[in-house]
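final_3.tsv (TSV, C-alpha atoms) appears below.
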```
chain	number	residue	atom	x	y	z
A	26	MET	CA	46.09	146.30	179.33
A	27	TYR	CA	42.58	145.90	178.00
A	28	LYS	CA	41.11	144.27	181.02
A	29	ASP	CA	37.52	145.46	180.62
A	30	MET	CA	37.34	144.32	177.09
A	31	ALA	CA	38.91	141.04	177.99
A	32	ASP	CA	36.34	140.61	180.74
A	33	ASP	CA	33.48	141.02	178.35
A	34	THR	CA	35.01	138.78	175.76
A	35	SER	CA	35.70	136.17	178.35
A	36	LYS	CA	32.20	136.33	179.80
A	37	ALA	CA	30.67	136.00	176.37
A	38	SER	CA	33.00	133.18	175.58
A	39	ILE	CA	32.17	131.26	178.75
A	40	ARG	CA	28.50	131.74	178.05
A	41	GLU	CA	28.90	130.60	174.48
A	42	GLN	CA	30.81	127.50	175.48
A	43	ILE	CA	28.33	126.63	178.17
A	44	ASN	CA	25.55	126.85	175.62
A	45	GLU	CA	27.53	124.83	173.15
A	46	ASN	CA	28.03	122.07	175.69
A	47	LEU	CA	24.41	122.19	176.81
A	48	LYS	CA	23.33	121.70	173.24
A	49	ARG	CA	25.64	118.76	172.85
A	50	VAL	CA	24.35	117.08	175.99
A	51	TYR	CA	20.77	117.73	174.93
A	52	GLU	CA	21.28	116.62	171.36
A	53	ASP	CA	23.05	113.45	172.38
A	54	THR	CA	19.80	112.26	173.93
A	55	LEU	CA	17.75	113.77	171.14
A	56	LYS	CA	19.57	111.63	168.63
A	57	GLU	CA	19.08	108.41	170.54
A	58	GLU	CA	16.49	106.07	169.21
A	59	VAL	CA	13.29	106.21	171.23
A	60	PRO	CA	12.94	102.97	173.20
A	61	ASP	CA	10.18	100.59	172.12
A	62	ARG	CA	8.43	100.92	175.46
A	63	PHE	CA	7.02	104.22	174.28
A	64	LYS	CA	5.59	102.84	171.08
A	65	ILE	CA	4.04	100.06	173.10
A	66	LEU	CA	2.71	102.50	175.66
A	67	LEU	CA	1.09	104.69	173.02
A	68	ALA	CA	-0.43	101.68	171.34
A	69	GLN	CA	-1.84	100.50	174.66
A	70	LEU	CA	-3.30	103.91	175.43
A	71	LYS	CA	-4.90	104.03	172.03
A	72	GLU	CA	-6.33	100.58	172.44
A	73	LYS	CA	-7.81	101.39	175.82
A	74	GLU	CA	-9.42	104.46	174.34
A	75	GLY	CA	-11.03	102.50	171.55
A	76	GLY	CA	-12.26	99.85	173.96
A	77	LYS	CA	-14.42	102.06	176.10
B	5	MET	CA	-16.24	104.80	166.23
B	6	THR	CA	-14.57	107.44	168.34
B	7	ALA	CA	-14.69	111.14	169.01
B	8	PRO	CA	-16.30	112.84	166.06
B	9	SER	CA	-15.66	116.25	167.64
B	10	ASP	CA	-11.98	116.32	166.77
B	11	THR	CA	-11.78	114.28	163.66
B	12	LEU	CA	-9.49	116.91	162.17
B	13	THR	CA	-6.46	116.40	164.33
B	14	ASP	CA	-5.94	114.72	167.62
B	15	PRO	CA	-2.87	116.26	169.24
B	16	ARG	CA	-2.22	112.85	170.72
B	17	ASP	CA	-1.21	111.67	167.28
B	18	GLU	CA	1.68	114.09	167.50
B	19	LEU	CA	3.05	112.66	170.73
B	20	PRO	CA	5.62	110.40	169.05
B	21	GLU	CA	7.43	113.29	167.44
B	22	HIS	CA	7.94	114.95	170.82
B	23	LEU	CA	9.38	111.87	172.47
B	24	PRO	CA	13.04	112.58	171.69
B	25	ALA	CA	12.79	116.11	173.11
B	26	LEU	CA	10.90	114.88	176.15
B	27	ARG	CA	13.60	112.31	176.80
B	28	ALA	CA	16.33	114.90	176.40
B	29	PHE	CA	14.60	117.27	178.80
B	30	ALA	CA	13.89	114.46	181.28
B	31	MET	CA	17.51	113.43	181.07
B	32	SER	CA	18.68	116.90	181.94
B	33	LEU	CA	16.44	116.98	184.98
B	34	THR	CA	17.08	113.48	186.28
B	35	ARG	CA	20.58	112.81	184.92
B	36	ASN	CA	19.70	109.14	184.89
B	37	SER	CA	18.39	107.38	181.84
B	38	ALA	CA	16.11	104.94	183.67
B	39	SER	CA	14.48	107.69	185.74
B	40	ALA	CA	14.28	109.87	182.65
B	41	ASP	CA	12.32	107.25	180.74
B	42	ASP	CA	10.02	106.63	183.70
B	43	LEU	CA	9.40	110.34	183.84
B	44	VAL	CA	8.62	110.47	180.13
B	45	GLN	CA	6.26	107.54	180.53
B	46	ASP	CA	4.36	109.29	183.32
B	47	THR	CA	4.24	112.42	181.23
B	48	ILE	CA	2.78	110.60	178.25
B	49	VAL	CA	0.13	108.92	180.36
B	50	LYS	CA	-0.86	112.21	181.97
B	51	ALA	CA	-0.86	114.02	178.66
B	52	TRP	CA	-2.98	111.32	177.13
B	53	SER	CA	-5.69	111.46	179.76
B	54	ASN	CA	-5.60	115.25	180.07
B	55	ILE	CA	-5.48	116.05	176.40
B	56	GLY	CA	-8.79	117.87	176.76
B	57	LYS	CA	-6.93	120.52	178.73
B	58	PHE	CA	-4.55	121.19	175.90
B	59	GLN	CA	-5.52	124.29	173.99
B	60	ALA	CA	-5.46	123.58	170.29
B	61	GLY	CA	-3.17	125.90	168.43
B	62	THR	CA	-0.77	126.38	171.33
B	63	ASN	CA	2.63	124.80	171.60
B	64	LEU	CA	2.17	121.11	172.32
B	65	ARG	CA	5.81	120.61	173.19
B	66	ALA	CA	5.72	123.38	175.75
B	67	TRP	CA	2.61	121.83	177.25
B	68	LEU	CA	4.29	118.44	177.45
B	69	PHE	CA	7.45	119.94	178.93
B	70	THR	CA	5.31	121.61	181.58
B	71	ILE	CA	3.70	118.32	182.53
B	72	LEU	CA	7.09	116.66	182.61
B	73	ARG	CA	8.75	119.21	184.86
B	74	ASN	CA	5.76	119.43	187.20
B	75	THR	CA	5.76	115.66	187.50
B	76	PHE	CA	9.48	115.66	188.16
B	77	TYR	CA	9.28	118.23	190.95
B	78	SER	CA	6.26	116.64	192.58
B	79	ASP	CA	7.96	113.22	192.52
B	80	GLN	CA	11.00	114.82	194.00
B	81	ARG	CA	8.99	116.33	196.81
B	82	LYS	CA	7.37	112.98	197.47
B	83	ARG	CA	10.61	111.13	197.65
B	84	LYS	CA	12.29	113.86	199.65
B	85	ARG	CA	15.62	112.22	199.99
B	86	GLU	CA	16.83	109.73	197.51
B	87	LEU	CA	20.11	107.99	197.11
B	88	PRO	CA	22.47	109.67	194.74
B	89	ASP	CA	22.40	108.17	191.35
B	90	PRO	CA	24.93	105.54	190.48
B	91	ASP	CA	24.17	106.38	186.90
B	92	GLY	CA	25.53	109.84	187.48
B	93	ILE	CA	28.60	108.21	186.08
B	94	HIS	CA	26.70	108.48	182.84
B	95	ALA	CA	29.07	111.34	182.25
B	96	ALA	CA	31.96	109.01	181.73
B	97	SER	CA	30.22	106.93	179.11
B	98	LEU	CA	29.47	109.82	176.82
B	99	CYS	CA	31.76	110.65	174.00
B	100	GLU	CA	34.54	112.89	175.01
B	101	LYS	CA	36.56	115.15	172.85
B	102	PRO	CA	39.98	116.12	174.03
B	103	ALA	CA	40.32	119.72	175.00
B	104	HIS	CA	43.40	120.32	172.93
B	105	ASP	CA	42.02	123.58	171.65
B	106	GLY	CA	41.41	124.89	175.14
B	107	ARG	CA	37.70	124.23	174.90
B	108	LEU	CA	35.82	122.61	177.70
B	109	ALA	CA	36.14	118.89	177.88
B	110	MET	CA	32.73	117.25	177.74
B	111	ASN	CA	33.48	115.13	180.74
B	112	ASP	CA	34.39	118.09	182.90
B	113	PHE	CA	31.30	119.83	181.70
B	114	LEU	CA	29.00	116.93	182.53
B	115	GLN	CA	30.51	116.51	185.95
B	116	ALA	CA	29.86	120.13	186.72
B	117	PHE	CA	26.41	119.98	185.14
B	118	ASP	CA	25.50	117.04	187.38
B	119	GLN	CA	26.38	119.07	190.44
B	120	LEU	CA	23.92	121.81	189.61
B	121	SER	CA	20.48	121.78	191.18
B	122	PRO	CA	17.71	120.44	188.94
B	123	GLU	CA	16.29	123.96	188.82
B	124	HIS	CA	19.54	125.26	187.42
B	125	ARG	CA	19.87	122.44	184.94
B	126	GLU	CA	16.30	123.00	183.89
B	127	VAL	CA	16.66	126.68	183.18
B	128	LEU	CA	19.92	126.23	181.33
B	129	VAL	CA	18.54	123.51	179.12
B	130	LEU	CA	15.29	125.34	178.44
B	131	VAL	CA	16.91	128.60	177.41
B	132	GLY	CA	20.23	127.28	176.20
B	133	ALA	CA	19.51	124.07	174.36
B	134	SER	CA	15.87	123.28	173.78
B	135	GLY	CA	15.16	126.23	171.53
B	136	PHE	CA	12.43	127.74	173.70
B	137	ALA	CA	12.14	131.48	174.14
B	138	TYR	CA	12.49	133.05	177.59
B	139	GLU	CA	8.76	133.74	177.59
B	140	GLU	CA	7.94	130.11	176.92
B	141	ALA	CA	10.38	128.92	179.53
B	142	ALA	CA	8.83	131.34	182.01
B	143	GLN	CA	5.41	129.94	181.31
B	144	MET	CA	6.54	126.38	181.72
B	145	MET	CA	8.35	127.16	184.93
B	146	GLY	CA	5.46	129.25	186.22
B	147	VAL	CA	7.66	132.26	186.95
B	148	ALA	CA	8.27	135.72	185.50
B	149	VAL	CA	10.56	136.21	182.53
B	150	GLY	CA	12.92	138.22	184.72
B	151	THR	CA	13.19	135.28	187.08
B	152	VAL	CA	14.12	132.99	184.22
B	153	LYS	CA	16.86	135.37	183.17
B	154	SER	CA	18.30	135.83	186.61
B	155	ARG	CA	18.07	132.13	187.36
B	156	ALA	CA	19.84	131.35	184.09
B	157	ASN	CA	22.56	133.83	184.97
B	158	ARG	CA	23.04	132.33	188.40
B	159	ALA	CA	23.10	128.85	186.91
B	160	ARG	CA	25.74	129.88	184.38
B	161	ALA	CA	27.80	131.54	187.08
B	162	ARG	CA	27.56	128.44	189.24
B	163	LEU	CA	28.54	126.24	186.35
B	164	ALA	CA	31.48	128.47	185.53
B	165	GLU	CA	32.48	128.33	189.17
B	166	LEU	CA	32.30	124.55	189.20
B	167	LEU	CA	34.37	124.50	186.05
B	168	GLN	CA	36.71	126.96	187.68
B	169	LEU	CA	36.21	129.52	185.00
B	170	GLU	CA	36.33	132.85	186.65
B	171	ASP	CA	35.05	135.92	184.92
B	172	GLY	CA	37.92	137.77	183.41
B	173	GLU	CA	40.07	134.72	183.11
B	174	ASP	CA	41.50	134.29	179.69
B	175	LEU	CA	41.17	130.57	179.87
B	176	LEU	CA	38.64	130.30	177.12
B	177	VAL	CA	39.60	133.06	174.80
B	178	GLU	CA	40.78	131.12	171.84
B	179	ALA	CA	42.33	134.05	170.07
B	180	ASP	CA	44.52	134.74	173.03
B	181	LYS	CA	47.15	132.21	172.14
B	182	ALA	CA	49.65	133.89	174.37
B	183	ALA	CA	47.58	132.88	177.36
B	184	LEU	CA	47.86	129.20	176.51
B	185	GLY	CA	51.19	128.90	178.22
B	186	VAL	CA	49.67	130.20	181.44
B	187	LEU	CA	46.77	127.80	181.51
B	188	GLY	CA	48.27	125.08	183.62
B	189	GLN	CA	44.87	123.48	183.99
B	190	SER	CA	44.44	122.24	180.46
B	191	GLY	CA	47.80	120.53	180.63
B	192	ILE	CA	46.00	117.62	182.23
B	193	ALA	CA	44.27	116.79	178.99
B	194	ALA	CA	47.56	116.41	177.20
B	195	ALA	CA	49.16	114.29	179.88
```
Let me see the file written as structure tokens.
Amino acid sequence: MYKDMADDTSKASIREQINENLKRVYEDTLKEEVPDRFKILLAQLKEKEGGK
Amino acid sequence: MTAPSDTLTDPRDELPEHLPALRAFAMSLTRNSASADDLVQDTIVKAWSNIGKFQAGTNLRAWLFTILRNTFYSDQRKRKRELPDPDGIHAASLCEKPAHDGRLAMNDFLQAFDQLSPEHREVLVLVGASGFAYEEAAQMMGVAVGTVKSRANRARARLAELLQLEDGEDLLVEADKAALGVLGQSGIAAA
């Protein structure tokens, strides 16, 4: 058998798949459209700044 | 008119382009979209009023991420115990690809991911998905680089454990077709 080699391959593979899934979870949110509340918030902050 | 001192660039003008990343990071910490957006909102407000503390020329995103995570942990300490999130079911609403090739099903992954501590989710996302270097993650987390690495390793091990992927198991080795018959576990996906 080639157990040691298989161990390493398997470890690397688990790690790779975990990263792959993490990226997918992360990118799913990344791709979402930013809700309007943030545009409104930034506009309000800007306005307050100008008003003082 | 306003602030003649930094007429060149106001880093605050760049905030909108960091919003998607901030939301993604907040989502990985809170695992709830409403809390994530509240957290991003607090982060933006704090960043806005503390922009003077941002050092021009350094990484704005890293600075924002730092504010976000610090806010998250301090809120968490304040609330101490909160009800578990009904939105944790978020997992189920995300697109799922069948694991016919022996790869991890997204749903299984998210369920396991949700069970990790926020600290573990944080480190995994920072080093595994957000594109930050270990050094940057260390700075954001306020710990040594070695701590980031060992925490990431523990988080991965915990995740693998939750997913029932033991080291040395052939479960995920695609090339090892012969092992497919022995899987047992992935048979569920086909059923």
For chain A, report every residue with an atom at most 7 Å from chain B (counting all atoms listed in the file), formatted as a PyMOL selection string. chain A and resi 31-32+35-36+38-39+44+47-48+51+54-55+59+75
To one decimal place in Å, what is the distance between atom CA of Asp79 of chain B and atom CA of Gln69 of chain A? 24.0 Å
What is the atom CA of Leu68 of chain B to atom CA of Glu18 of chain B distance in Å? 11.2 Å
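Picture a line from atom CA of Glu74 of chain A to atom CA of Gln59 of chain B; it runs 20.2 Å.
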So, counting only C-alpha atoms, which residue among B:Leu120, B:Ala60, B:Val127, B:Phe136 is closest to Glu165 of chain B?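 Under the stated criterion, the closest residue is B:Leu120.
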Counting only C-alpha atoms, what is within 10 Å of Gln119 of chain B, bar same-chain residues fewer than 3 positions away, as a PDB file with C-alpha atoms, in the coordinates of the input?
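Wrote it out as part_3.pdb, contents follow:
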```
ATOM      1  CA  GLY B  92      25.530 109.840 187.480  1.00  0.00           C
ATOM      2  CA  LEU B 114      29.000 116.930 182.530  1.00  0.00           C
ATOM      3  CA  GLN B 115      30.510 116.510 185.950  1.00  0.00           C
ATOM      4  CA  ALA B 116      29.860 120.130 186.720  1.00  0.00           C
ATOM      5  CA  PRO B 122      17.710 120.440 188.940  1.00  0.00           C
ATOM      6  CA  HIS B 124      19.540 125.260 187.420  1.00  0.00           C
ATOM      7  CA  ARG B 125      19.870 122.440 184.940  1.00  0.00           C
ATOM      8  CA  ARG B 162      27.560 128.440 189.240  1.00  0.00           C
ATOM      9  CA  LEU B 163      28.540 126.240 186.350  1.00  0.00           C
ATOM     10  CA  LEU B 166      32.300 124.550 189.200  1.00  0.00           C
TER      11      LEU B 166
END
```
Using the incomplete input, complete segment 44-65 of chain A to the level of N, CA and C atoms; output as a short mmCIF file (atom, residue, chain, number, x, y, z; two decimals), in the coordinates of the input.
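After the write, out-v3.cif holds the following:
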```cif
data_model
loop_
_atom_site.label_atom_id
_atom_site.label_comp_id
_atom_site.auth_asym_id
_atom_site.auth_seq_id
_atom_site.Cartn_x
_atom_site.Cartn_y
_atom_site.Cartn_z
N ASN A 44 26.67 127.16 176.50
CA ASN A 44 25.55 126.85 175.62
C ASN A 44 25.89 125.75 174.62
N GLU A 45 27.09 125.83 174.11
CA GLU A 45 27.53 124.83 173.15
C GLU A 45 27.50 123.43 173.79
N ASN A 46 28.02 123.35 174.99
CA ASN A 46 28.03 122.07 175.69
C ASN A 46 26.64 121.61 176.06
N LEU A 47 25.80 122.54 176.48
CA LEU A 47 24.41 122.19 176.81
C LEU A 47 23.73 121.58 175.60
N LYS A 48 23.96 122.21 174.46
CA LYS A 48 23.33 121.70 173.24
C LYS A 48 23.83 120.31 172.92
N ARG A 49 25.10 120.10 173.14
CA ARG A 49 25.64 118.76 172.85
C ARG A 49 25.04 117.71 173.76
N VAL A 50 24.94 118.03 175.05
CA VAL A 50 24.35 117.08 175.99
C VAL A 50 22.90 116.79 175.58
N TYR A 51 22.18 117.85 175.29
CA TYR A 51 20.77 117.73 174.93
C TYR A 51 20.62 116.92 173.64
N GLU A 52 21.43 117.27 172.66
CA GLU A 52 21.28 116.62 171.36
C GLU A 52 21.74 115.17 171.37
N ASP A 53 22.65 114.85 172.26
CA ASP A 53 23.05 113.45 172.38
C ASP A 53 21.85 112.57 172.69
N THR A 54 21.01 113.04 173.60
CA THR A 54 19.80 112.26 173.93
C THR A 54 18.78 112.35 172.80
N LEU A 55 18.69 113.54 172.23
CA LEU A 55 17.75 113.77 171.14
C LEU A 55 17.98 112.79 169.99
N LYS A 56 19.23 112.48 169.77
CA LYS A 56 19.57 111.63 168.63
C LYS A 56 19.38 110.14 168.93
N GLU A 57 19.27 109.82 170.20
CA GLU A 57 19.08 108.41 170.54
C GLU A 57 17.76 107.91 169.99
N GLU A 58 17.75 106.64 169.68
CA GLU A 58 16.49 106.07 169.21
C GLU A 58 15.53 105.95 170.39
N VAL A 59 14.28 106.29 170.16
CA VAL A 59 13.29 106.21 171.23
C VAL A 59 13.02 104.74 171.56
N PRO A 60 13.14 104.38 172.83
CA PRO A 60 12.94 102.97 173.20
C PRO A 60 11.54 102.47 172.82
N ASP A 61 11.45 101.20 172.54
CA ASP A 61 10.18 100.59 172.12
C ASP A 61 9.07 100.76 173.15
N ARG A 62 9.47 100.85 174.42
CA ARG A 62 8.43 100.92 175.46
C ARG A 62 7.45 102.05 175.19
N PHE A 63 7.91 103.09 174.52
CA PHE A 63 7.02 104.22 174.28
C PHE A 63 6.04 103.96 173.14
N LYS A 64 6.52 103.23 172.15
CA LYS A 64 5.59 102.84 171.08
C LYS A 64 4.52 101.92 171.64
N ILE A 65 4.98 101.00 172.48
CA ILE A 65 4.04 100.06 173.10
C ILE A 65 3.05 100.80 173.98
#
```
